Amino acid sequence: MADETGNDSQMVEGNEIVDPGNEVVHGGELVEVDELAQGDELAQGEDLTQVDELLQGNEMAITEVATPPTTRRRRKKSLVWEHFTIEDAAGGATRACCKLCKQTFAYSSGSKIAGTSHLKRHITLGSCPKIKGQGHKLAITIGTDNDGDGTVERRSKRRYRYTGYANASFNQDRSCSYLAKMIILHDYPLHIVQQPAFTAFIDSLQPRFRVADVDAMEVEVYAVYQKEKENLLQAFSTMPGRISLTIGLWTTSQTLGYVSVSGQFIDSEWKLHRRMLSFMMVSSPHSENALSEAISSSLTDWSMKEKLFTITLDNDCSSHDIYSANLRDYLSSKNNHMLKGQLFVVRCYAHILNAVAEDVIALIHGVIYSIRESIKFIKASPSREEKFAEIALQLEIPSTKTLCLDVTTQWNTTYLMLLAALDYRQAFITLETVDDNYNEAPSAEDWKKIEAACNYLRLLYDSAHSIMAAGNPTSNIFFHEAWKLQLELANASAHEDPIFSSVAKDMYEKFDKYWKDCNLVLAVAVVMDPRFKMKLVEFSYSKIYGVEAAKYVKVVNDSVHDLFKDYVAQPLPLTPAYVEQGKTDNVTANGNNTQATQPSTGDGLQDFDIYLSEIATTQPSKSELEQYLDESLTPRIQEFDILNWWKLNTLKYPTLSKMARDILSIPVSMVTGGSSIFSAGTGGHMLDDYRSSLRPEIVEALVCAKDWLPYSTTAPEALGSELLKID
């Protein structure tokens, strides 16, 4: 029966009035339609159709109802009222007010009562600006009942849930691709798709999703790898400078191994990047031929034969010279080396820090064993810890360090363990006298060894932390750490105490080999820092070499000038960015020439113009490098961004900036910014048994795609709001 307004969306049957808002007035109470019809068993299709019809109904349904026979206050059972309140309005009307956005809606006007459908739509469809603006995902379930203990649940006719994704639709292929990316990024095994718990979980989320088998998932993983590789190839095509490589060695439980090749470069916006290029299986990863083949294959695959600048190796120190010689000979015919290849092979700074530190730890391994056993003894029971704490208190030991065991594979934890034990030296000695069960206290000589080791491990520890603190680990930052360490160890070798000098000499011998191999590349890099240029090289070399410093400074100065000549004589192929810049430079140059040859303006200074022209032709102008070196140093500020400085000065130094871009991108350390140097290790990495069992191309796809995906431009598409119907 329709009312006077023409709204026929309500039906009167007996004493019940039903509206699209799923509520009726029954015996003077406002109740849910579901409660009246809970005994009905409707087909699922009919059920969903009814929900759709209800949600697509009129925005507001108002009907005239008879005055209830009782004045008892009606109870509002709709879950909508968890999000709305009733407020009085003019003329005896009431309005529903949203608790989130405070927007009001008509609810009753005299004898007319509105339904709740328009209120539900405001919440569930995201019409509320607060929900839309803050990304809320509210869930409203109609017609469910639970007794609170999680054991009884009444299934209703109609249920719907707002998930915040309005326009999303299920897509099998897209879901498979996301599953492949999840497996790649989180190192899940491919056979996770066959695990019953996983398939049950997926079925509970989306029954229509067909979980692929292992073979099909391999295809998905490889497809992700290929797509990301194409994106990276496109990015490399616009790379303005050269690329430097890092080489990692991986062994397996089998006789095979892998060689990883990563590339580091600075893009046209002067941002530093490092990307994995290949992960190749080789029969013998520790042979120089394997390295040469892996590098050559990667350069060919990525079309970078002419853009290789340097190679940083991650291998043990003893075989470094063999690698260097073979790699130089093998690749010299395929690439034009700058500075005759003197900067071609670089050794990993993180690797040498770890190698030196591990030698120190090996030197006092017996003492370290005693410290570990002592800490184990104290930590064995609370009573022993209390006794040790009492002894430390009685001895008035001011240390706040905590005794803890180290991780044997990370030397920094061993250093911190020894440092804490050193503070409690007297407490350990006292404990041995008061507790007959404890007999692991180091001797006086052992404590001196610990003191010497901590004294010099601190140098390595501080240097590592300085490198890790750098947001952009450009090559210029390493010279500061290396020359100070070289000087400290050289001075420590002459320590008057034989124990101290013995530890220092072993450290100095190993680090000095690194310094001799790499100080040139480190020095050239710091010259590209406008805060230091040649001045820091001159200062540091005078400290290290004394009266012989001048000849070493000359080597660096000559190398910088020769390298600059290489860039002037053999410029890199112009990228679109450089072409545009080159046009600008040419226009400027032509403009200057035009201005110089313009006729006199009639100010009577024609002779002066001729004089200026003669000076310009007879006095040779300084090169970009000379101008750069002659200018005053840039102030040293903590927030200095060297890449941004060169970006701003590219037009001023067009050729020198190309040289700076390539030098600053040299990966002096294999460890990326934000990672721990201490976990880098000195040997090769070990591939687990599961990865070793996979086909080589799938291993490469998993490793490379994991490196690429965090930077991918093909991020998952943002899903819109959607009202999903659930059973």
# chains A, B, ... in the order shown; residues from 1 in each chain; ligands from 1
$ residues_around --residues "Cys101 of chain A" --least-positions-apart "6" --cutoff "7 Å" --atoms "only C-alpha atoms" --output "PyMOL selection string"
chain A and resi 128-130
$ residues_around --residues "Glu440 of chain A" --least-positions-apart "6" --cutoff "8 Å" --atoms "only C-alpha atoms" --output "list in words"
Ser370, Ile371, Glu373, Ser374 and Glu432 of chain A
$ write_last_selection --atoms "N, CA and C atoms" --output "PDB file, in the first residue's frame"
ATOM      1  N   SER A 370      87.955 -18.292  27.739  1.00  0.00           N
ATOM      2  CA  SER A 370      87.827 -18.131  29.191  1.00  0.00           C
ATOM      3  C   SER A 370      86.743 -17.114  29.540  1.00  0.00           C
ATOM      4  N   ILE A 371      86.674 -16.043  28.782  1.00  0.00           N
ATOM      5  CA  ILE A 371      85.651 -15.030  29.040  1.00  0.00           C
ATOM      6  C   ILE A 371      84.259 -15.611  28.786  1.00  0.00           C
ATOM      7  N   GLU A 373      83.310 -18.740  28.967  1.00  0.00           N
ATOM      8  CA  GLU A 373      82.977 -19.699  30.037  1.00  0.00           C
ATOM      9  C   GLU A 373      82.669 -18.977  31.340  1.00  0.00           C
ATOM     10  N   SER A 374      83.341 -17.878  31.582  1.00  0.00           N
ATOM     11  CA  SER A 374      83.083 -17.110  32.801  1.00  0.00           C
ATOM     12  C   SER A 374      81.681 -16.521  32.778  1.00  0.00           C
ATOM     13  N   GLU A 432      86.609 -15.516  41.777  1.00  0.00           N
ATOM     14  CA  GLU A 432      87.391 -16.754  41.831  1.00  0.00           C
ATOM     15  C   GLU A 432      87.871 -17.060  43.248  1.00  0.00           C
TER      16      GLU A 432
END
$ residues_around --residues "Ser283 of chain A" --least-positions-apart "4" --cutoff "10 Å" --atoms "only C-alpha atoms" --output "JSON, numbers by chain"
{"A": [254, 255, 256, 257, 258, 287, 290]}
$ residues_around --residues "segment 206-219 of chain A" --least-positions-apart "5" --cutoff "10 Å" --atoms "only C-alpha atoms" --output "list in words"
Phe170, Asn171, Gln172, Asp173, Ser175, Cys176, Ser177, Leu179, Ala180, Ile183, Pro189, Leu190, His191, Ile192, Val193, Gln194, Phe198, Thr199, Ala200, Phe201, Val224, Tyr225, Leu694, Arg695, Glu697, Ile698, Ala701 and Leu702 of chain A
$ residues_around --residues "Ser463 of chain A" --least-positions-apart "2" --cutoff "9 Å" --atoms "only C-alpha atoms" --output "JSON, numbers by chain"
{"A": [353, 458, 459, 460, 461, 465, 466, 467, 468, 481, 482, 485]}
$ write_last_selection --atoms "N, CA, C and O atoms" --output "mmCIF file, in the first residue's frame"
data_model
loop_
_atom_site.group_PDB
_atom_site.id
_atom_site.type_symbol
_atom_site.label_atom_id
_atom_site.label_comp_id
_atom_site.auth_asym_id
_atom_site.auth_seq_id
_atom_site.Cartn_x
_atom_site.Cartn_y
_atom_site.Cartn_z
ATOM 1 N N LEU A 353 88.087 -4.871 6.913
ATOM 2 C CA LEU A 353 87.847 -4.624 8.338
ATOM 3 C C LEU A 353 87.541 -5.934 9.063
ATOM 4 O O LEU A 353 88.080 -6.202 10.150
ATOM 5 N N ARG A 458 88.594 -1.357 18.631
ATOM 6 C CA ARG A 458 87.783 -0.137 18.678
ATOM 7 C C ARG A 458 87.966 0.689 17.413
ATOM 8 O O ARG A 458 87.012 1.290 16.903
ATOM 9 N N LEU A 459 89.187 0.723 16.879
ATOM 10 C CA LEU A 459 89.435 1.467 15.647
ATOM 11 C C LEU A 459 88.612 0.902 14.489
ATOM 12 O O LEU A 459 88.016 1.654 13.710
ATOM 13 N N LEU A 460 88.577 -0.399 14.385
ATOM 14 C CA LEU A 460 87.807 -1.046 13.326
ATOM 15 C C LEU A 460 86.312 -0.859 13.551
ATOM 16 O O LEU A 460 85.549 -0.609 12.607
ATOM 17 N N TYR A 461 85.904 -0.976 14.807
ATOM 18 C CA TYR A 461 84.493 -0.857 15.170
ATOM 19 C C TYR A 461 83.972 0.550 14.848
ATOM 20 O O TYR A 461 82.905 0.707 14.244
ATOM 21 N N HIS A 465 81.182 1.713 11.908
ATOM 22 C CA HIS A 465 79.980 2.465 12.231
ATOM 23 C C HIS A 465 79.909 3.771 11.454
ATOM 24 O O HIS A 465 78.817 4.221 11.078
ATOM 25 N N SER A 466 81.033 4.389 11.193
ATOM 26 C CA SER A 466 81.033 5.616 10.395
ATOM 27 C C SER A 466 80.549 5.342 8.979
ATOM 28 O O SER A 466 79.793 6.135 8.404
ATOM 29 N N ILE A 467 80.961 4.225 8.427
ATOM 30 C CA ILE A 467 80.541 3.861 7.078
ATOM 31 C C ILE A 467 79.051 3.531 7.062
ATOM 32 O O ILE A 467 78.306 3.961 6.175
ATOM 33 N N MET A 468 78.600 2.761 8.050
ATOM 34 C CA MET A 468 77.192 2.358 8.076
ATOM 35 C C MET A 468 76.261 3.545 8.309
ATOM 36 O O MET A 468 75.091 3.516 7.927
ATOM 37 N N GLU A 481 88.291 7.220 6.570
ATOM 38 C CA GLU A 481 88.429 6.097 7.495
ATOM 39 C C GLU A 481 89.735 5.346 7.267
ATOM 40 O O GLU A 481 90.415 4.954 8.218
ATOM 41 N N ALA A 482 90.093 5.145 6.017
ATOM 42 C CA ALA A 482 91.262 4.325 5.700
ATOM 43 C C ALA A 482 92.570 4.988 6.134
ATOM 44 O O ALA A 482 93.447 4.338 6.714
ATOM 45 N N LEU A 485 92.994 4.943 9.931
ATOM 46 C CA LEU A 485 93.287 3.596 10.408
ATOM 47 C C LEU A 485 94.723 3.201 10.074
ATOM 48 O O LEU A 485 95.429 2.598 10.905
#
$ select_by_dssp --residues "segment 173-355 of chain A" --states "helix (DSSP H, G or I)" --output "ChimeraX atom specification"
/A:173-185,190-194,196-205,214-236,288-301,317-331,338-341,349-355
$ closest_residue --among "A:Leu419, A:Ile368, A:Leu313, A:Leu522" --to "Lys401 of chain A" --atoms "only C-alpha atoms"
A:Leu419
$ residues_around --residues "Lys484 of chain A" --least-positions-apart "5" --cutoff "10 Å" --atoms "only C-alpha atoms" --output "mmCIF file with all heavy atoms, in the first residue's frame"
data_model
loop_
_atom_site.group_PDB
_atom_site.id
_atom_site.type_symbol
_atom_site.label_atom_id
_atom_site.label_comp_id
_atom_site.auth_asym_id
_atom_site.auth_seq_id
_atom_site.Cartn_x
_atom_site.Cartn_y
_atom_site.Cartn_z
ATOM 1 N N LEU A 459 89.187 0.723 16.879
ATOM 2 C CA LEU A 459 89.435 1.467 15.647
ATOM 3 C C LEU A 459 88.612 0.902 14.489
ATOM 4 O O LEU A 459 88.016 1.654 13.710
ATOM 5 C CB LEU A 459 90.927 1.425 15.302
ATOM 6 C CG LEU A 459 91.900 1.971 16.353
ATOM 7 C CD1 LEU A 459 93.341 1.756 15.893
ATOM 8 C CD2 LEU A 459 91.632 3.448 16.613
ATOM 9 N N SER A 463 85.273 2.714 12.744
ATOM 10 C CA SER A 463 85.324 2.942 11.298
ATOM 11 C C SER A 463 84.120 2.303 10.613
ATOM 12 O O SER A 463 83.508 2.912 9.727
ATOM 13 C CB SER A 463 86.621 2.367 10.722
ATOM 14 O OG SER A 463 86.702 2.594 9.332
ATOM 15 N N PHE A 479 88.039 7.306 2.205
ATOM 16 C CA PHE A 479 89.408 7.769 2.401
ATOM 17 C C PHE A 479 89.615 8.252 3.831
ATOM 18 O O PHE A 479 90.657 7.993 4.438
ATOM 19 C CB PHE A 479 89.740 8.897 1.409
ATOM 20 C CG PHE A 479 91.156 9.384 1.505
ATOM 21 C CD1 PHE A 479 92.189 8.688 0.891
ATOM 22 C CD2 PHE A 479 91.470 10.541 2.222
ATOM 23 C CE1 PHE A 479 93.503 9.124 0.984
ATOM 24 C CE2 PHE A 479 92.779 10.986 2.317
ATOM 25 C CZ PHE A 479 93.802 10.275 1.702
ATOM 26 N N LEU A 489 97.415 2.361 13.125
ATOM 27 C CA LEU A 489 98.045 1.039 13.220
ATOM 28 C C LEU A 489 99.554 1.138 13.032
ATOM 29 O O LEU A 489 100.314 0.387 13.660
ATOM 30 C CB LEU A 489 97.437 0.098 12.178
ATOM 31 C CG LEU A 489 95.960 -0.274 12.396
ATOM 32 C CD1 LEU A 489 95.462 -1.169 11.277
ATOM 33 C CD2 LEU A 489 95.773 -0.963 13.748
ATOM 34 N N ALA A 490 99.997 2.038 12.163
ATOM 35 C CA ALA A 490 101.435 2.223 11.976
ATOM 36 C C ALA A 490 102.090 2.723 13.258
ATOM 37 O O ALA A 490 103.157 2.235 13.664
ATOM 38 C CB ALA A 490 101.693 3.200 10.830
ATOM 39 N N SER A 540 96.960 14.242 4.917
ATOM 40 C CA SER A 540 97.023 12.866 5.412
ATOM 41 C C SER A 540 98.321 12.177 5.007
ATOM 42 O O SER A 540 98.926 11.446 5.813
ATOM 43 C CB SER A 540 95.819 12.073 4.902
ATOM 44 O OG SER A 540 95.781 12.075 3.487
ATOM 45 N N LYS A 543 101.192 12.987 7.188
ATOM 46 C CA LYS A 543 101.152 12.261 8.456
ATOM 47 C C LYS A 543 101.647 10.826 8.290
ATOM 48 O O LYS A 543 102.346 10.281 9.150
ATOM 49 C CB LYS A 543 99.716 12.241 8.996
ATOM 50 C CG LYS A 543 99.141 13.606 9.335
ATOM 51 C CD LYS A 543 99.747 14.159 10.608
ATOM 52 C CE LYS A 543 99.056 15.441 11.029
ATOM 53 N NZ LYS A 543 99.644 16.005 12.275
ATOM 54 N N ILE A 544 101.288 10.216 7.176
ATOM 55 C CA ILE A 544 101.612 8.801 6.973
ATOM 56 C C ILE A 544 103.034 8.614 6.456
ATOM 57 O O ILE A 544 103.788 7.762 6.949
ATOM 58 C CB ILE A 544 100.605 8.167 5.986
ATOM 59 C CG1 ILE A 544 99.192 8.176 6.589
ATOM 60 C CG2 ILE A 544 101.008 6.746 5.625
ATOM 61 C CD1 ILE A 544 98.109 7.724 5.626
#
$ closest_residue --among "A:Val668, A:Leu629, A:Ala550, A:Leu291" --to "Phe478 of chain A" --atoms "only C-alpha atoms"
A:Val668
$ atom_distance --atom1 "atom CA of Ile86 of chain A" --atom2 "atom CA of Ser127 of chain A"
19.3 Å
$ closest_residue --among "A:Val346, A:Met534, A:Asn354, A:Ile375" --to "Gln410 of chain A" --atoms "only C-alpha atoms"
A:Asn354
$ closest_residue --among "A:Ala549, A:Leu232, A:Ala469, A:Met281" --to "Ser676 of chain A" --atoms "only C-alpha atoms"
A:Ala469
$ closest_residue --among "A:Asp630, A:Asp203, A:Asp558, A:Glu548" --to "Ala523 of chain A" --atoms "only C-alpha atoms"
A:Asp558
